[in-house]
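Worksheet for the structure shown next.
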Amino acid sequence: MHLTGYVGLLFSLLAFLFLAGFAGVAAWRQNKDSLIFIERGQLVASGGVIFSTLILMVGLTTRDYSFQYVYDNVDNALSFVYTLTALWGGREGSLLFWELIIAVAGMIFVTTPGYKSFSDDTKLFFWMFFLSVQGFFLLLLTGWSNPFIEIIPAPADGRGLNPLLRNPGMIFHPPLLFFGFALYAIPACAALAASIAGEVKSWITITRNWNILSWVFLTAGIVLGGWWSYMELGWGGYWAWDPVENASLIPWFAGTAVLHTSIIESRRNALQRTNVFLMSLTFILCIFSTYLTRSGVIDSLHSFGKSGVAQPLFWSMMIGLLVTLMVTFLSERLTQRSLSDFLSRQGMLVIATWFLLALGMVVTLGTMWPVISQIWTDKPLGLDSHFYNRVCLPFMSCLVLIFCYCPWLGWKGGIRNMKGFIGVSVVLVVSFIGFYLSGMTNVLAALTAAASVAAIFGIVMLFFLYPSMRKMRQSWGAYGVHLGLVLMALGIAFSGPYKIEEEVILAKGESMVIDDYTVTFTNLVQDGDIGDIKLRATATLEVFEDGKLMGIMMPDKRIYRNFERQQFAEVSTIPGLGDELYATLLGLTEDDKASFKISVNPLINWIWIGGTLMSLLAFLLLRRMPRPGEGR
């Protein structure tokens with residue numbers, strides 16, 4: 001089985017590399033008759049990836065510890081669900097899962113009307129790039145990250161999955177991110193191919209759905225990752241600016257930027273070079289994300305440690321960036337067209353794009369600072385969350401302000417609706433004054449919250465003033481996504497600077513007061529031998545507001561088999577649209593007292609609500625592509 005799985009990957013590697021070279025030669029010679037061979041070859045080679053993945057899945061589900069990968073990520077006590085999720089729980093399996101998505105996406109794309117509407121020249125260049133990408137991932141899998149290494153003799157039990165990964169978030173968060181990363185390969189390769197071939201049809205229109213789906217999956221993965229961090233790590237927050245958290249955020253900034261600049265190209269036929277560069281850059285940054293998490297270049301709570309994939313990933317990014325720059329700036333088939341004034345809708349979109357790219361640059365430099373600082377010091381310097389909050393939050397506030405006014409500006413300049421413009425301005429000023437007078441003295445937080453309220457008012461007013469928008473699915477999708485964003489901004493504005501948190505040691509029956517709430521420690525239960533849990537301590541906390549019981553929290557502390565040297569916290573919350581109570585059991589003392597971290601997080605659930613709206617309502621933006629020869 002081990003050799004069979006490896007041979008399947010090796011076959012796909014050789015096939016993809018051969019087909020990529022064949023496509024390049026065919027494109028150079030304009031041999032369009034080669035397309036059918038390349039398309040069918042891609043399907044056959046993808047079958048090798050699917051076959052090898054199934055073999056690894058069989059090894060995981062049967063707990064075949066003769067597989068090194070199974071031994072490292074599964075044990076006899078692990079539940080069946082997390083045994084399946086172990087496929088993407090380790091370095092080798094996650095890379096195989098990523099390649100599987102790319103391969104299947106290619107199999108689907110070749111059957112779509114969008115692909116069929118491309119010229120034959122564009123198709124040949126597309127396969128040259130797309131097959132090369134797959135060849136690179138298979139080179140990693142057959143060389144530095146082989147998931148089919150055999151252990152002889154096979155152990156009786158495995159090491160088991162990291163307890164931090166035994167969470168419902170593990171079922172959805174990593175796959176969503178990988179779907180986002182992998183699907184970006186389609187529009188990125190199409191952008192480069194169309195630019196070289198001089199495609200008359202817009203690659204932005206043809207790959208629009210792929211671009212949106214990539215963004216949706218990546219957004220949903222990031223939001224779910226924040227929730228997972230909030231509920232699993234027990235430190236009370238949803239974003240610690242950890243390098244691995246940042247790794248998923250960096251390509252999101254570039255992907256969001258290209259969504260905005262592509263609107264300008266679709267409407268004004270401008271920013272062609274910019275869009276090709278940004279689309280390709282987004283996929284390169286997805287590889288950069290993998291570089292951060294799997295190379296060991298940066299220490300992180302989530303990273304996989306050092307490995308041999310660091311140099312191949314680094315040089316792949318360099319080659320990808322070089323190819324992107326050459327295609328973008330040397331292609332004479334990409335036209336340039338001037339833009340309107342900045343005080344126009346397209347001007348605001350350009351400004352928003354620059355803010356997004358600036359955020360991506362700040363997060364990238366901050367994340368890589370321990371590596372960069374090695375140039376002049378032997379003691380690498382890391383940047384904490386205070387740096388990111390000071391630098392990034394003003395950009396976020398500006399983005400929300402831009403959205404307040406952008407819908408009321410005309411495409412060529414000027415204000416298209418003075419009532420809406422004035423209405424949003426009034427709500428912005430009144431909300432800011434109201435928040436400030438109510439005690440929200442952090443100016444940046446008050447401004448962000450006020451801009452969020454004004455943006456929500458503006459969205460409602462748009463649908464009121466323009467009845468035709470109510471009948472347009474695209475309008476509901478576009479403004480629904482932005483509504484989700486401003487709800488998240490509102491939650492961040494309150495939950496960050498106005499969170500109240502205390503650490504306290506309590507005996508049974510003792511209480512503590514935090515904000516307007518009284519928390520009483522009423523019970524402690526210690527048990528063990530429950531599935532893969534060796535020991536568990538569960539505390540019961542009763543929460544009162546104005547003398548009335550408003551809820552019960554039951555945080556616990558666990559020790560898992562095969563991980564006896566570590567303790568893992570499971571937090572407990574009392575959710576609310578206003579305040580959310582959050583409790584972590586930090587530890588127990590010798591005199592039967594317990595140490596807790598209790599926090600009051602205002603409006604934090606609006607982050608999850610907003611993120612859910614962004615992810616779901618974006619599906620309304622998808623369009624049916626007409627078949628070749630079919631009217632639009």
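Chain lettering (A, B, ...) mirrors the order of the structure tokens, residue numbering begins at 1 for each chain separately, and ligand numbering begins at 1 in order of display.
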
Which residues come within 6 Å of Arg345 (chain A), counting only C-alpha atoms, excluding same-chain residues fewer than 5 positions away, as an MDAnalysis selection string? chainID A and resid 406 409:411

Take the residues from that selection and write them out as a short mmCIF file (atom, residue, chain, number, x, y, z; two decimals), in the first residue's frame, keeping N, CA and C atoms.
```cif
data_model
loop_
_atom_site.label_atom_id
_atom_site.label_comp_id
_atom_site.auth_asym_id
_atom_site.auth_seq_id
_atom_site.Cartn_x
_atom_site.Cartn_y
_atom_site.Cartn_z
N CYS A 406 -18.51 55.81 -0.62
CA CYS A 406 -18.31 55.33 -1.99
C CYS A 406 -19.61 55.13 -2.77
N LEU A 409 -21.03 58.31 -4.62
CA LEU A 409 -20.24 59.02 -5.62
C LEU A 409 -20.50 58.45 -7.01
N GLY A 410 -20.38 59.27 -8.03
CA GLY A 410 -20.54 58.82 -9.40
C GLY A 410 -19.28 58.16 -9.92
N TRP A 411 -19.40 57.34 -10.97
CA TRP A 411 -18.24 56.65 -11.51
C TRP A 411 -17.21 57.63 -12.09
#
```

Mind running region 464-488 of chain A against region 374-398 of chain A at 12 Å and telling me each contacting residue's nearest atom pair with the distance in Å (one decimal), counting only C-alpha atoms, chain and number ascending, as CSV?
```
residue,atom,partner,partner_atom,distance
A:Leu485,CA,A:Met396,CA,10.2
A:Val486,CA,A:Ser397,CA,9.8
A:Met488,CA,A:Met396,CA,10.7
```

What lies within 7 Å of region 536-543 of chain A using only C-alpha atoms, ignoring chain neighbours under 6 positions off, as a VMD selection string? chain A and resid 517 to 528 549 to 559

Mind writing the picked residues with N, CA and C atoms as a JSON list (two decimals), in the first residue's frame?
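The new file part-v4.json reads:
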```json
[["chain", "number", "residue", "atom", "x", "y", "z"],
["A", 517, "TYR", "N", -21.62, 42.11, 36.71],
["A", 517, "TYR", "CA", -21.96, 40.71, 36.90],
["A", 517, "TYR", "C", -21.26, 40.15, 38.14],
["A", 518, "THR", "N", -21.96, 39.24, 38.82],
["A", 518, "THR", "CA", -21.39, 38.52, 39.96],
["A", 518, "THR", "C", -21.23, 37.06, 39.58],
["A", 519, "VAL", "N", -20.01, 36.56, 39.72],
["A", 519, "VAL", "CA", -19.70, 35.19, 39.33],
["A", 519, "VAL", "C", -19.38, 34.39, 40.58],
["A", 520, "THR", "N", -20.10, 33.27, 40.79],
["A", 520, "THR", "CA", -19.93, 32.44, 41.99],
["A", 520, "THR", "C", -19.45, 31.05, 41.60],
["A", 521, "PHE", "N", -18.38, 30.61, 42.24],
["A", 521, "PHE", "CA", -17.83, 29.27, 42.03],
["A", 521, "PHE", "C", -18.59, 28.30, 42.92],
["A", 522, "THR", "N", -19.37, 27.41, 42.32],
["A", 522, "THR", "CA", -20.27, 26.55, 43.10],
["A", 522, "THR", "C", -19.84, 25.10, 43.18],
["A", 523, "ASN", "N", -19.08, 24.60, 42.20],
["A", 523, "ASN", "CA", -18.78, 23.16, 42.23],
["A", 523, "ASN", "C", -17.55, 22.85, 41.37],
["A", 524, "LEU", "N", -16.91, 21.73, 41.69],
["A", 524, "LEU", "CA", -15.76, 21.25, 40.91],
["A", 524, "LEU", "C", -15.84, 19.73, 40.84],
["A", 525, "VAL", "N", -15.80, 19.19, 39.65],
["A", 525, "VAL", "CA", -15.87, 17.74, 39.44],
["A", 525, "VAL", "C", -14.60, 17.31, 38.71],
["A", 526, "GLN", "N", -13.94, 16.27, 39.24],
["A", 526, "GLN", "CA", -12.76, 15.73, 38.59],
["A", 526, "GLN", "C", -13.02, 14.28, 38.20],
["A", 527, "ASP", "N", -12.78, 13.97, 36.94],
["A", 527, "ASP", "CA", -12.99, 12.61, 36.46],
["A", 527, "ASP", "C", -11.94, 12.31, 35.38],
["A", 528, "GLY", "N", -12.06, 11.16, 34.77],
["A", 528, "GLY", "CA", -11.10, 10.76, 33.76],
["A", 528, "GLY", "C", -11.50, 9.48, 33.07],
["A", 549, "LEU", "N", -30.16, 35.04, 38.24],
["A", 549, "LEU", "CA", -29.27, 34.11, 37.55],
["A", 549, "LEU", "C", -29.44, 34.26, 36.05],
["A", 550, "MET", "N", -28.36, 34.60, 35.36],
["A", 550, "MET", "CA", -28.45, 34.77, 33.91],
["A", 550, "MET", "C", -27.83, 33.62, 33.13],
["A", 551, "GLY", "N", -27.11, 32.73, 33.83],
["A", 551, "GLY", "CA", -26.55, 31.60, 33.13],
["A", 551, "GLY", "C", -25.49, 30.89, 33.96],
["A", 552, "ILE", "N", -25.04, 29.74, 33.44],
["A", 552, "ILE", "CA", -24.03, 28.92, 34.10],
["A", 552, "ILE", "C", -22.90, 28.64, 33.11],
["A", 553, "MET", "N", -21.67, 28.79, 33.58],
["A", 553, "MET", "CA", -20.50, 28.46, 32.78],
["A", 553, "MET", "C", -19.78, 27.26, 33.40],
["A", 554, "MET", "N", -19.28, 26.36, 32.54],
["A", 554, "MET", "CA", -18.60, 25.15, 33.02],
["A", 554, "MET", "C", -17.29, 24.95, 32.27],
["A", 555, "PRO", "N", -16.29, 25.79, 32.56],
["A", 555, "PRO", "CA", -14.97, 25.60, 31.92],
["A", 555, "PRO", "C", -14.28, 24.38, 32.50],
["A", 556, "ASP", "N", -13.42, 23.75, 31.72],
["A", 556, "ASP", "CA", -12.70, 22.59, 32.25],
["A", 556, "ASP", "C", -11.25, 22.59, 31.79],
["A", 557, "LYS", "N", -10.49, 21.75, 32.45],
["A", 557, "LYS", "CA", -9.07, 21.56, 32.17],
["A", 557, "LYS", "C", -8.86, 20.07, 31.89],
["A", 558, "ARG", "N", -8.11, 19.75, 30.82],
["A", 558, "ARG", "CA", -7.99, 18.36, 30.41],
["A", 558, "ARG", "C", -6.53, 17.95, 30.21],
["A", 559, "ILE", "N", -6.31, 16.66, 30.44],
["A", 559, "ILE", "CA", -5.05, 16.02, 30.07],
["A", 559, "ILE", "C", -5.40, 14.83, 29.19]]
```

Could you tell me which of A:Val424, A:Phe283, A:Leu165, A:Leu224 comes closest to Cys189 (chain A) if we count only C-alpha atoms?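 Under the stated criterion, the closest residue is A:Phe283.
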
Could you find all residues in region 83-314 of chain A that DSSP calls helix (DSSP H, G or I) from the backbone, and write them as a ChimeraX atom specification? /A:83-88,91-109,113-117,120-142,163-165,168-183,185-197,203-206,208-232,243-268,272-294,310-314

State, in Å with one decimal place, the distance from CA of Gly610 (chain A) to CA of Ile171 (chain A). 21.2 Å
